[in-house]
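Note: the block below is my_file-v6.csv and it holds CSV, C-alpha atoms.
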chain,number,residue,atom,x,y,z
Z,6,MET,CA,-115.1,80.3,117.8
Z,7,SER,CA,-113.8,77.3,115.8
Z,8,VAL,CA,-116.3,74.3,115.5
Z,9,LEU,CA,-113.5,72.1,116.9
Z,10,LEU,CA,-113.5,74.0,120.2
Z,11,LYS,CA,-117.2,73.9,120.7
Z,12,LYS,CA,-119.2,71.2,122.5
Z,13,PRO,CA,-120.7,68.4,120.3
Z,14,VAL,CA,-123.8,69.6,118.5
Z,15,PHE,CA,-125.1,66.3,117.1
Z,16,ALA,CA,-125.2,63.0,118.9
Z,17,GLY,CA,-122.8,60.5,117.4
Z,18,VAL,CA,-121.0,63.1,115.3
Z,19,SER,CA,-117.7,64.4,116.5
Z,20,GLN,CA,-116.7,68.0,116.2
Z,21,LYS,CA,-113.8,67.0,113.9
Z,22,GLU,CA,-116.2,65.2,111.5
Z,23,LEU,CA,-118.6,68.2,111.6
Z,24,ALA,CA,-115.7,70.6,110.8
Z,25,GLU,CA,-114.6,68.4,107.9
Z,26,GLN,CA,-118.2,68.4,106.5
Z,27,LEU,CA,-118.5,72.2,106.8
Z,28,GLU,CA,-115.1,72.7,105.1
Z,29,ALA,CA,-115.9,70.2,102.3
Z,30,LYS,CA,-119.3,71.7,101.7
Z,31,LYS,CA,-117.9,75.2,101.5
Z,32,LYS,CA,-115.6,74.0,98.6
Z,33,CYS,CA,-118.8,73.0,96.7
Z,34,GLN,CA,-120.6,76.3,96.8
Z,35,HIS,CA,-119.4,77.5,93.4
Z,36,LYS,CA,-118.0,74.3,92.0
Z,37,LEU,CA,-121.0,72.0,92.8
Z,38,PRO,CA,-124.0,74.2,93.5
Z,39,LEU,CA,-126.5,71.3,93.2
Z,40,TRP,CA,-124.7,69.3,95.9
Z,41,PHE,CA,-124.2,72.5,98.0
Z,42,GLU,CA,-127.9,73.4,97.9
Z,43,THR,CA,-129.3,69.9,98.4
Z,44,PRO,CA,-130.1,69.0,102.1
Z,45,GLN,CA,-128.7,65.8,103.6
Z,46,ILE,CA,-125.7,65.5,101.2
Z,47,TYR,CA,-122.7,63.9,102.9
Z,48,TYR,CA,-119.3,65.1,101.9
Z,49,PRO,CA,-116.0,63.2,101.5
Z,50,LYS,CA,-112.5,64.6,102.4
Z,51,LYS,CA,-111.9,68.0,100.8
Z,52,LEU,CA,-109.2,66.4,98.5
Z,53,ASN,CA,-112.0,64.4,96.8
Z,54,ILE,CA,-113.9,67.6,96.2
Z,55,GLU,CA,-110.8,69.3,94.8
Z,56,GLN,CA,-110.1,66.5,92.4
Z,57,THR,CA,-113.7,66.1,91.0
Z,58,SER,CA,-115.1,67.7,87.9
Z,59,SER,CA,-117.1,70.9,88.3
Z,60,GLU,CA,-120.8,70.9,87.2
Z,61,GLU,CA,-119.9,72.9,84.1
Z,62,THR,CA,-117.3,70.5,82.8
Z,63,ALA,CA,-119.4,67.5,83.8
Z,64,ARG,CA,-122.4,68.8,81.8
Z,65,TYR,CA,-120.1,69.5,78.9
Z,66,LYS,CA,-119.0,65.8,78.8
Z,67,THR,CA,-122.6,64.8,78.2
Z,68,THR,CA,-122.6,66.8,74.9
Z,69,ILE,CA,-119.8,64.5,73.7
Z,70,THR,CA,-121.3,61.1,74.6
Z,71,GLU,CA,-124.6,59.4,73.9
Z,72,GLY,CA,-126.1,55.9,74.1
Z,73,LYS,CA,-127.7,53.5,76.6
Z,74,SER,CA,-124.9,52.4,78.9
Z,75,LEU,CA,-121.7,54.0,80.3
Z,76,VAL,CA,-119.1,52.8,82.7
Z,77,ASP,CA,-117.3,55.4,84.8
Z,78,LEU,CA,-114.1,53.4,85.8
Z,79,THR,CA,-112.9,56.0,88.3
Z,80,GLY,CA,-116.1,57.3,89.8
Z,81,GLY,CA,-114.8,59.4,92.7
Z,82,PHE,CA,-117.4,61.7,94.2
Z,83,GLY,CA,-119.7,60.9,91.4
Z,84,VAL,CA,-120.2,64.2,89.7
Z,85,ASP,CA,-119.5,63.0,86.2
Z,86,SER,CA,-121.5,59.8,86.8
Z,87,TYR,CA,-124.5,61.9,88.0
Z,88,PHE,CA,-124.6,64.0,84.8
Z,89,PHE,CA,-123.9,61.0,82.6
Z,90,GLY,CA,-127.0,59.5,84.3
Z,91,GLN,CA,-129.1,62.4,82.8
Z,92,LYS,CA,-128.1,61.1,79.3
Z,93,PHE,CA,-127.7,57.3,79.6
Z,94,ASN,CA,-130.2,54.7,80.6
Z,95,THR,CA,-127.7,53.0,82.9
Z,96,VAL,CA,-124.4,54.3,84.4
Z,97,PHE,CA,-122.0,52.1,86.4
Z,98,HIS,CA,-120.0,54.1,89.0
Z,99,CYS,CA,-116.9,52.2,89.9
Z,100,GLU,CA,-114.9,53.3,93.0
Z,101,LEU,CA,-112.2,51.3,94.8
Z,102,ASN,CA,-112.5,53.4,97.9
Z,103,SER,CA,-115.3,51.6,99.8
Z,104,CYS,CA,-115.9,54.6,102.1
Z,105,LEU,CA,-116.2,57.0,99.2
Z,106,SER,CA,-118.4,54.5,97.4
Z,107,GLU,CA,-120.8,54.5,100.3
Z,108,ILE,CA,-120.9,58.3,100.4
Z,109,VAL,CA,-121.8,58.4,96.7
Z,110,ALA,CA,-124.5,55.8,97.1
Z,111,HIS,CA,-126.1,57.8,99.9
Z,112,ASN,CA,-125.9,61.1,97.8
Z,113,PHE,CA,-127.4,59.5,94.7
Z,114,LYS,CA,-130.4,58.4,96.7
Z,115,ILE,CA,-130.8,62.0,98.0
Z,116,LEU,CA,-130.4,63.3,94.4
Z,117,ASP,CA,-132.9,60.7,93.1
Z,118,ALA,CA,-130.3,59.3,90.7
Z,119,LYS,CA,-131.9,55.9,90.3
Z,120,ASN,CA,-130.3,54.7,87.1
Z,121,ILE,CA,-126.7,54.7,88.5
Z,122,GLU,CA,-125.4,51.4,89.8
Z,123,ILE,CA,-122.7,51.7,92.5
Z,124,ILE,CA,-119.8,49.2,92.0
Z,125,SER,CA,-117.4,49.2,95.0
Z,126,ASN,CA,-114.6,47.7,93.0
Z,127,ASP,CA,-111.7,48.5,90.8
Z,128,GLY,CA,-113.0,49.7,87.4
Z,129,LEU,CA,-110.7,47.6,85.3
Z,130,ASN,CA,-111.6,44.5,87.4
Z,131,PHE,CA,-115.3,45.2,86.8
Z,132,LEU,CA,-114.7,45.5,83.0
Z,133,GLN,CA,-112.8,42.2,82.9
Z,134,GLU,CA,-115.5,40.4,84.9
Z,135,GLU,CA,-118.5,41.8,83.0
Z,136,ASN,CA,-119.7,40.1,79.8
Z,137,HIS,CA,-121.7,43.1,78.6
Z,138,HIS,CA,-120.6,45.5,75.9
Z,139,PHE,CA,-121.0,49.2,76.8
Z,140,ASP,CA,-121.7,52.2,74.6
Z,141,TRP,CA,-119.0,54.3,76.4
Z,142,VAL,CA,-116.2,53.9,78.9
Z,143,TYR,CA,-115.2,57.0,80.8
Z,144,VAL,CA,-112.0,57.2,82.8
Z,145,ASP,CA,-110.3,59.9,84.8
Z,146,PRO,CA,-106.9,58.5,85.9
Z,147,SER,CA,-105.3,59.6,89.1
Z,148,ARG,CA,-102.4,61.9,88.5
Z,149,ARG,CA,-100.7,61.0,91.8
Z,150,ASN,CA,-98.2,58.2,91.8
Z,151,ASP,CA,-97.0,56.7,95.1
Z,152,LEU,CA,-93.4,56.6,93.9
Z,153,LYS,CA,-93.2,59.7,91.6
Z,154,GLY,CA,-95.7,62.0,93.3
Z,155,LYS,CA,-97.7,64.2,91.0
Z,156,VAL,CA,-97.3,63.0,87.4
Z,157,PHE,CA,-98.4,64.1,83.9
Z,158,ARG,CA,-97.5,61.3,81.5
Z,159,LEU,CA,-100.4,59.0,80.8
Z,160,SER,CA,-98.4,55.9,81.4
Z,161,ASP,CA,-97.6,57.1,85.0
Z,162,CYS,CA,-101.2,57.7,85.9
Z,163,SER,CA,-103.5,55.2,87.6
Z,164,PRO,CA,-105.1,53.3,86.0
Z,165,ASN,CA,-102.6,53.1,83.2
Z,166,VAL,CA,-104.9,53.7,80.2
Z,167,VAL,CA,-102.1,53.2,77.7
Z,168,ASP,CA,-101.5,49.6,78.9
Z,169,HIS,CA,-105.2,48.7,79.1
Z,170,LEU,CA,-106.5,50.0,75.7
Z,171,LYS,CA,-106.9,46.5,74.4
Z,172,LEU,CA,-109.2,45.6,77.4
Z,173,LEU,CA,-111.2,48.9,77.0
Z,174,PHE,CA,-111.9,48.3,73.3
Z,175,ARG,CA,-113.0,44.7,74.0
Z,176,LYS,CA,-115.8,46.2,76.0
Z,177,THR,CA,-116.7,49.4,74.1
Z,178,GLU,CA,-116.3,51.2,70.8
Z,179,ASN,CA,-115.9,54.6,72.5
Z,180,VAL,CA,-113.6,55.8,75.3
Z,181,LEU,CA,-113.7,59.3,76.9
Z,182,LEU,CA,-110.5,60.0,78.8
Z,183,LYS,CA,-110.0,63.0,81.1
Z,184,THR,CA,-106.5,64.2,81.6
Z,185,SER,CA,-104.7,67.1,83.3
Z,186,PRO,CA,-104.7,70.4,81.4
Z,187,LEU,CA,-100.9,70.3,81.8
Z,188,LEU,CA,-100.5,67.2,79.6
Z,189,ASP,CA,-98.7,68.0,76.4
Z,190,ILE,CA,-101.1,67.3,73.5
Z,191,SER,CA,-98.4,65.9,71.2
Z,192,ALA,CA,-97.2,63.6,73.9
Z,193,GLY,CA,-100.7,62.3,74.6
Z,194,ILE,CA,-101.3,61.6,70.9
Z,195,ALA,CA,-98.0,59.7,70.8
Z,196,GLU,CA,-99.0,57.5,73.8
Z,197,LEU,CA,-102.6,56.8,72.8
Z,198,ARG,CA,-104.3,55.0,69.9
Z,199,PHE,CA,-107.4,55.7,67.9
Z,200,VAL,CA,-107.7,59.4,69.0
Z,201,LYS,CA,-110.7,60.9,67.2
Z,202,GLU,CA,-111.1,64.2,69.1
Z,203,ILE,CA,-109.4,66.2,71.8
Z,204,HIS,CA,-111.5,68.8,73.7
Z,205,VAL,CA,-109.6,71.6,75.4
Z,206,VAL,CA,-112.1,72.7,78.0
Z,207,ALA,CA,-111.7,76.1,79.9
Z,208,VAL,CA,-114.1,77.7,82.3
Z,209,ASN,CA,-114.1,81.5,82.4
Z,210,ASN,CA,-110.7,81.5,80.7
Z,211,GLU,CA,-109.0,78.9,82.9
Z,212,VAL,CA,-108.2,75.5,81.3
Z,213,LYS,CA,-109.7,72.8,83.5
Z,214,GLU,CA,-109.5,69.6,81.5
Z,215,LEU,CA,-108.3,67.9,78.3
Z,216,LEU,CA,-110.9,65.4,77.1
Z,217,TRP,CA,-109.8,62.6,74.7
Z,218,VAL,CA,-112.4,60.8,72.5
Z,219,LEU,CA,-111.0,57.4,71.4
Z,220,LYS,CA,-112.9,55.5,68.8
Z,221,LYS,CA,-112.0,51.9,68.1
Z,222,ASP,CA,-110.0,51.5,64.9
Z,223,PHE,CA,-110.3,55.3,64.1
Z,224,SER,CA,-107.5,56.3,61.7
Z,225,GLN,CA,-108.5,59.6,60.2
Z,226,THR,CA,-107.3,63.1,61.1
Z,227,ILE,CA,-107.8,64.2,64.7
Z,228,THR,CA,-110.2,67.1,65.4
Z,229,ILE,CA,-109.1,69.6,68.1
Z,230,LYS,CA,-112.1,71.3,69.8
Z,231,THR,CA,-111.4,74.3,72.0
Z,232,ILE,CA,-114.2,75.7,74.2
Z,233,ASN,CA,-114.2,78.4,76.8
Z,234,LEU,CA,-117.3,78.0,78.9
Z,235,LYS,CA,-118.6,81.4,80.0
Z,236,ASN,CA,-121.6,82.8,81.9
Z,237,SER,CA,-122.6,84.7,78.8
Z,238,LYS,CA,-121.7,83.0,75.5
Z,239,ASN,CA,-119.3,80.1,75.1
Z,240,GLU,CA,-116.3,80.6,72.8
Z,241,ILE,CA,-115.6,77.7,70.4
Z,242,PHE,CA,-112.8,77.2,67.9
Z,243,ASN,CA,-112.2,73.9,66.1
Z,244,PHE,CA,-109.5,72.7,63.8
Z,245,LYS,CA,-107.8,69.6,62.4
Z,246,TRP,CA,-104.5,68.4,64.0
Z,247,GLY,CA,-101.6,69.0,61.7
Z,248,ASN,CA,-103.1,72.0,59.9
Z,249,GLU,CA,-101.2,74.4,62.2
Z,250,LYS,CA,-97.9,73.4,60.7
Z,251,LYS,CA,-99.2,73.9,57.1
Z,252,THR,CA,-100.5,77.5,57.8
Z,253,VAL,CA,-98.6,80.7,57.1
Z,254,SER,CA,-99.2,83.8,59.2
Z,255,ASN,CA,-99.5,87.4,57.9
Z,256,TYR,CA,-97.7,89.9,60.1
Z,257,SER,CA,-98.3,93.6,60.8
Z,258,GLN,CA,-97.4,96.4,63.2
Z,259,PRO,CA,-100.2,97.1,65.7
Z,260,LEU,CA,-103.2,98.5,63.8
Z,261,VAL,CA,-106.5,99.8,65.4
Z,262,TYR,CA,-107.6,96.7,67.3
Z,263,LEU,CA,-105.8,94.0,69.4
Z,264,TYR,CA,-107.0,90.4,70.0
Z,265,GLU,CA,-105.9,88.0,72.7
Z,266,PRO,CA,-107.0,84.4,72.3
Z,267,ASN,CA,-108.7,82.6,75.2
Z,268,VAL,CA,-106.6,80.1,77.1
Z,269,SER,CA,-108.2,77.0,75.5
Z,270,ILE,CA,-106.9,78.2,72.1
Z,271,LEU,CA,-103.4,79.0,73.5
Z,272,LYS,CA,-103.3,75.5,75.0
Z,273,SER,CA,-104.3,73.9,71.7
Z,274,GLY,CA,-101.4,75.6,69.9
Z,275,ALA,CA,-103.5,76.9,67.1
Z,276,PHE,CA,-101.6,80.2,66.9
Z,277,LYS,CA,-101.4,80.7,63.1
Z,278,LEU,CA,-104.8,79.1,62.4
Z,279,THR,CA,-106.6,81.4,64.8
Z,280,GLY,CA,-105.2,84.5,63.1
Z,281,ASN,CA,-106.0,83.3,59.6
Z,282,ALA,CA,-109.5,82.0,60.5
Z,283,PHE,CA,-110.5,85.6,61.5
Z,284,SER,CA,-108.4,87.4,58.8
Z,285,LEU,CA,-106.1,89.0,61.4
Z,286,PHE,CA,-102.5,89.9,61.4
Z,287,LYS,CA,-100.1,88.4,63.9
Z,288,LEU,CA,-97.7,90.7,65.7
Z,289,HIS,CA,-94.7,88.3,65.7
Z,290,GLU,CA,-94.2,84.6,65.2
Z,291,HIS,CA,-93.9,84.0,69.0
Z,292,THR,CA,-96.3,86.8,70.0
Z,293,HIS,CA,-99.7,85.2,70.1
Z,294,LEU,CA,-101.6,88.5,69.8
Z,295,TYR,CA,-103.4,89.7,66.6
Z,296,THR,CA,-104.4,93.0,65.1
Z,297,SER,CA,-106.8,94.4,62.5
Z,298,ASN,CA,-108.2,97.7,61.3
Z,299,GLU,CA,-111.8,96.5,61.5
Z,300,LEU,CA,-113.3,95.0,64.7
Z,301,VAL,CA,-114.3,91.3,64.2
Z,302,SER,CA,-115.9,88.7,66.4
Z,303,PHE,CA,-113.2,86.7,68.2
Z,304,PRO,CA,-112.9,83.8,70.7
Z,305,GLY,CA,-111.0,85.8,73.3
Z,306,ARG,CA,-110.5,89.4,74.5
Z,307,ARG,CA,-110.7,92.4,72.1
Z,308,PHE,CA,-109.2,95.8,72.7
Z,309,LYS,CA,-109.0,99.2,71.0
Z,310,ILE,CA,-105.3,100.3,70.7
Z,311,LEU,CA,-105.0,103.8,72.1
Z,312,ALA,CA,-101.2,104.1,71.8
Z,313,SER,CA,-98.2,102.0,70.7
Z,314,VAL,CA,-94.8,103.1,72.0
Z,315,PRO,CA,-91.3,101.5,72.0
Z,316,TYR,CA,-90.4,100.0,75.3
Z,317,ASN,CA,-88.1,102.4,77.2
Z,318,LYS,CA,-88.2,104.3,80.5
Z,319,LYS,CA,-88.6,107.7,79.0
Z,320,LYS,CA,-91.5,106.8,76.6
Z,321,LEU,CA,-93.4,104.8,79.3
Z,322,ARG,CA,-93.1,107.4,82.0
Z,323,ALA,CA,-94.3,110.0,79.6
Z,324,MET,CA,-97.6,108.1,79.3
Z,325,LYS,CA,-98.2,108.9,83.0
Z,326,ILE,CA,-100.1,105.7,83.7
Z,327,GLU,CA,-100.5,105.1,87.4
Z,328,LYS,CA,-102.9,102.1,87.3
Z,329,ALA,CA,-103.4,99.4,84.7
Z,330,ASN,CA,-103.9,95.7,83.9
Z,331,ILE,CA,-100.6,94.3,82.6
Z,332,THR,CA,-100.2,91.4,80.2
Z,333,LEU,CA,-96.9,90.1,78.9
Z,334,ARG,CA,-96.6,88.2,75.6
Z,335,ASN,CA,-93.1,87.2,74.3
Z,336,PHE,CA,-91.5,89.7,76.6
Z,337,PRO,CA,-88.4,89.2,78.9
Z,338,GLU,CA,-89.4,90.9,82.1
Z,339,SER,CA,-91.9,90.0,84.8
Z,340,VAL,CA,-95.1,91.8,85.7
Z,341,LYS,CA,-93.8,92.4,89.2
Z,342,SER,CA,-90.6,94.1,87.9
Z,343,ILE,CA,-92.5,96.3,85.5
Z,344,ARG,CA,-94.9,97.4,88.3
Z,345,THR,CA,-92.0,98.2,90.6
Z,346,LYS,CA,-90.0,100.0,88.0
Z,347,PHE,CA,-92.7,102.2,86.7
Z,348,LYS,CA,-94.9,102.4,89.8
Z,349,ILE,CA,-98.0,101.1,88.1
Z,350,LYS,CA,-100.8,99.8,90.4
Z,351,ASP,CA,-103.0,96.9,89.4
Z,352,GLY,CA,-106.6,97.4,88.1
Z,353,GLY,CA,-108.5,100.1,86.4
Z,354,GLU,CA,-109.8,100.5,82.8
Z,355,THR,CA,-106.4,100.7,81.1
Z,356,TYR,CA,-104.7,97.5,79.7
Z,357,LEU,CA,-101.0,97.5,78.9
Z,358,PHE,CA,-99.5,94.8,76.7
Z,359,PHE,CA,-95.8,94.4,76.8
Z,360,THR,CA,-94.8,92.4,73.8
Z,361,THR,CA,-92.5,92.0,70.7
Z,362,ASP,CA,-93.5,93.3,67.3
Z,363,HIS,CA,-92.8,91.6,63.9
Z,364,GLU,CA,-89.5,93.4,63.6
Z,365,GLY,CA,-88.3,91.9,66.9
Z,366,LYS,CA,-88.6,95.2,68.9
Z,367,TYR,CA,-90.2,95.5,72.3
Z,368,VAL,CA,-93.3,97.6,72.4
Z,369,VAL,CA,-96.0,98.7,74.8
Z,370,LEU,CA,-99.6,98.8,73.7
Z,371,GLU,CA,-102.0,101.0,75.7
Z,372,CYS,CA,-105.5,99.6,75.2
Z,373,ALA,CA,-109.1,99.8,76.3
Z,374,LYS,CA,-111.6,97.0,76.0
Z,375,ALA,CA,-113.5,97.0,72.7
Write the structure described by the file as C-alpha cells, please.
Amino acid sequence: MSVLLKKPVFAGVSQKELAEQLEAKKKCQHKLPLWFETPQIYYPKKLNIEQTSSEETARYKTTITEGKSLVDLTGGFGVDSYFFGQKFNTVFHCELNSCLSEIVAHNFKILDAKNIEIISNDGLNFLQEENHHFDWVYVDPSRRNDLKGKVFRLSDCSPNVVDHLKLLFRKTENVLLKTSPLLDISAGIAELRFVKEIHVVAVNNEVKELLWVLKKDFSQTITIKTINLKNSKNEIFNFKWGNEKKTVSNYSQPLVYLYEPNVSILKSGAFKLTGNAFSLFKLHEHTHLYTSNELVSFPGRRFKILASVPYNKKKLRAMKIEKANITLRNFPESVKSIRTKFKIKDGGETYLFFTTDHEGKYVVLECAKA
C-alpha cells in the first residue's frame, strides 16, 4: 500500500512529505551511502539529489585542491562542501535557496561537519561582499536556463562563470569548475581563460563530470587528466592538450588482442595518443579500437580475438552465435537491427565487435575477455 494512502505516522508530518523523504533517501543508497546510512538526515526534493555529485566524484575533487579556505559558490545539497571540509580548515557553503540551505545546515550538524559555514545567499554576492582572499573557489553552474531549458554552453549556465572570471580571480588564485560531461572540451577552452587542467571523470565507465582547474595568469600547455573510478583499480591516462593533433597512428588488421578505451579517454579525444602510449595498432582512423600480438596493461577493456570475419549474412550465420554482448565502433547499423537480423540475444561470455578495419571494410570480431 502506498505511503500516501496510509494514515499519518508522525505528528506534524504529512504523508506527502514522508513519501518525498523516502523517495529522496532511496536515491541516495548507492550515490550517497554516508547520508543514506546516517540517522536523522533530512532530504530535499529528489531533483536536488539527482543534480548533486556522488561521494566518489566529491572525494576525487579533494585530490585536486588543497589549502586553508574554500568557497563553494553553488552549494546545493552540500556533498562537495562536506568532502572539501575534510581537506580545508574552513569551507563556505553558499546556497540561494533558503529552504535547501536550512536542510544542509541541519545535515552538517548531524554529520558533525563543524568547519563548514552556511551562507544563505547568492555565491557571487558573497564573494563581492567579502574582503577575504580564498585558496580556492569551487563552482558548479546550473545547466538549466529559464528561457532555453537545458543548456551546455558555459555562458548559458547560471552563474555565468565566463562573465565573472575577473571577480573570481580578485578573490582567489585557483578556481575549480564542474561542468556537464556533454560539454565540448574545445568549446570550453575557447570560452574560458587560464585553464591549467581538465579532469574527465568517469565512474565505472560512465562519464560523470568534467572538472576545470583555472589558475590565475596560467599560460602554459593545458594538461588533460582522464580517470575511470572503479571498485578495483582506477584507470588513469594523462596527456597535453594539442599533442593529439601532432601524433601519427600505426594501423593493422586485427591481431591477437583487442583493446577498447574507457569512456573518459574517448571523451577526451586522445585516440591516437592512447594507441601510441601503449604501443598498439589502431584498426582505422575513425575506429577507436586497438590491437596487438602481446597482451599489455591498458586503461579500458581487453579481449582475446577468437575470430575475425567480413560482415555479411552468410559468414555471420555460419558462426552460429545465439547470445553475445554487441559493441559497434565506426559501423553504420544499430545494435537493435543486428540482433533482430541475426537473432542474437543479449549477454553471455561472447563479445562481438562490429567495426571498420584499416582498409575501410566492415568486419565482425568475435572475442572473449582477456
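Contact shell of stretch 120-123 of chain Z at 10 Å (only C-alpha atoms; same-chain neighbours under 2 positions omitted): Leu75, Val76, Gly80, Gly83, Ser86, Tyr87, Phe89, Gly90, Gln91, Phe93, Asn94, Thr95, Val96, Phe97, His98, Cys99, Glu100, Ser106, Glu107, Val109, Ala110, Phe113, Lys114, Asp117, Ala118, Ser125 and Asn126 of chain Z.
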Distance in Å - atom CA of Z:Leu216 versus atom CA of Z:Leu181: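 Between atom CA of Z:Leu216 and atom CA of Z:Leu181 the gap is 6.7 Å.
Neighbouring residues of Z:Asp222 at 12 Å or closer, counting only C-alpha atoms and skipping chain neighbours under 4 positions away, are Leu170, Lys171, Phe174, Arg175, Thr177, Glu178, Asn179, Val180, Arg198, Phe199, Val200 and Lys201 of chain Z.
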Shell around Z:Val253 at 9 Å using all atoms listed in the file, local window under 5 positions removed, as a list in words: Lys277, Leu278 and Asn281 of chain Z
List every protein, DNA or RNA residue that has at least one atom no more than 12 Å from (-119.6, 69.4, 93.7) in the file's coordinates, counting all atoms listed in the file, and write the result as a PyMOL selection string. chain Z and resi 29-43+46-49+51-63+81-88+109+112
Just how far from atom CA of Z:Phe359 is atom CA of Z:Arg334, in Å to one decimal?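 A separation of 6.4 Å between them.
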How far is it from atom CA of Z:Thr296 to atom CA of Z:Asn236, in Å with one decimal?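 Interatomic distance, atom CA of Z:Thr296 to atom CA of Z:Asn236: 26.1 Å.
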Complete the atoms of stretch 161-168 of chain Z to all heavy atoms and put them out as a short mmCIF file (atom, residue, chain, number, x, y, z; two decimals), keeping the file's coordinate frame.
data_model
loop_
_atom_site.label_atom_id
_atom_site.label_comp_id
_atom_site.auth_asym_id
_atom_site.auth_seq_id
_atom_site.Cartn_x
_atom_site.Cartn_y
_atom_site.Cartn_z
N ASP Z 161 -97.90 57.02 83.54
CA ASP Z 161 -97.60 57.10 85.00
C ASP Z 161 -98.84 57.24 85.82
O ASP Z 161 -98.78 57.18 87.05
CB ASP Z 161 -96.64 58.25 85.26
CG ASP Z 161 -95.23 58.02 84.72
OD1 ASP Z 161 -94.82 56.85 84.65
OD2 ASP Z 161 -94.57 59.01 84.35
N CYS Z 162 -99.99 57.47 85.18
CA CYS Z 162 -101.20 57.70 85.90
C CYS Z 162 -101.86 56.33 86.30
O CYS Z 162 -101.46 55.27 85.81
CB CYS Z 162 -102.23 58.47 85.06
SG CYS Z 162 -101.69 60.16 84.71
N SER Z 163 -102.86 56.40 87.17
CA SER Z 163 -103.50 55.20 87.60
C SER Z 163 -105.05 55.33 87.47
O SER Z 163 -105.62 56.27 88.04
CB SER Z 163 -103.17 54.89 89.08
OG SER Z 163 -103.83 53.75 89.54
N PRO Z 164 -105.70 54.44 86.70
CA PRO Z 164 -105.10 53.30 86.00
C PRO Z 164 -104.32 53.74 84.76
O PRO Z 164 -104.55 54.83 84.23
CB PRO Z 164 -106.34 52.48 85.58
CG PRO Z 164 -107.44 53.49 85.43
CD PRO Z 164 -107.18 54.51 86.50
N ASN Z 165 -103.42 52.89 84.34
CA ASN Z 165 -102.60 53.10 83.20
C ASN Z 165 -103.43 52.82 81.92
O ASN Z 165 -103.51 51.67 81.50
CB ASN Z 165 -101.33 52.28 83.23
CG ASN Z 165 -100.38 52.56 82.07
OD1 ASN Z 165 -100.79 53.05 81.02
ND2 ASN Z 165 -99.12 52.24 82.27
N VAL Z 166 -104.06 53.85 81.37
CA VAL Z 166 -104.90 53.70 80.20
C VAL Z 166 -104.18 53.13 79.01
O VAL Z 166 -104.67 52.29 78.26
CB VAL Z 166 -105.66 54.98 79.87
CG1 VAL Z 166 -106.48 54.84 78.60
CG2 VAL Z 166 -106.56 55.42 81.02
N VAL Z 167 -102.96 53.61 78.84
CA VAL Z 167 -102.10 53.20 77.70
C VAL Z 167 -101.98 51.69 77.64
O VAL Z 167 -102.12 51.05 76.59
CB VAL Z 167 -100.76 53.90 77.75
CG1 VAL Z 167 -99.89 53.42 76.60
CG2 VAL Z 167 -100.92 55.41 77.70
N ASP Z 168 -101.71 51.08 78.81
CA ASP Z 168 -101.50 49.60 78.90
C ASP Z 168 -102.78 48.82 78.79
O ASP Z 168 -102.74 47.60 78.57
CB ASP Z 168 -100.75 49.26 80.16
CG ASP Z 168 -99.27 49.58 80.09
OD1 ASP Z 168 -98.79 49.99 79.01
OD2 ASP Z 168 -98.59 49.43 81.13
#
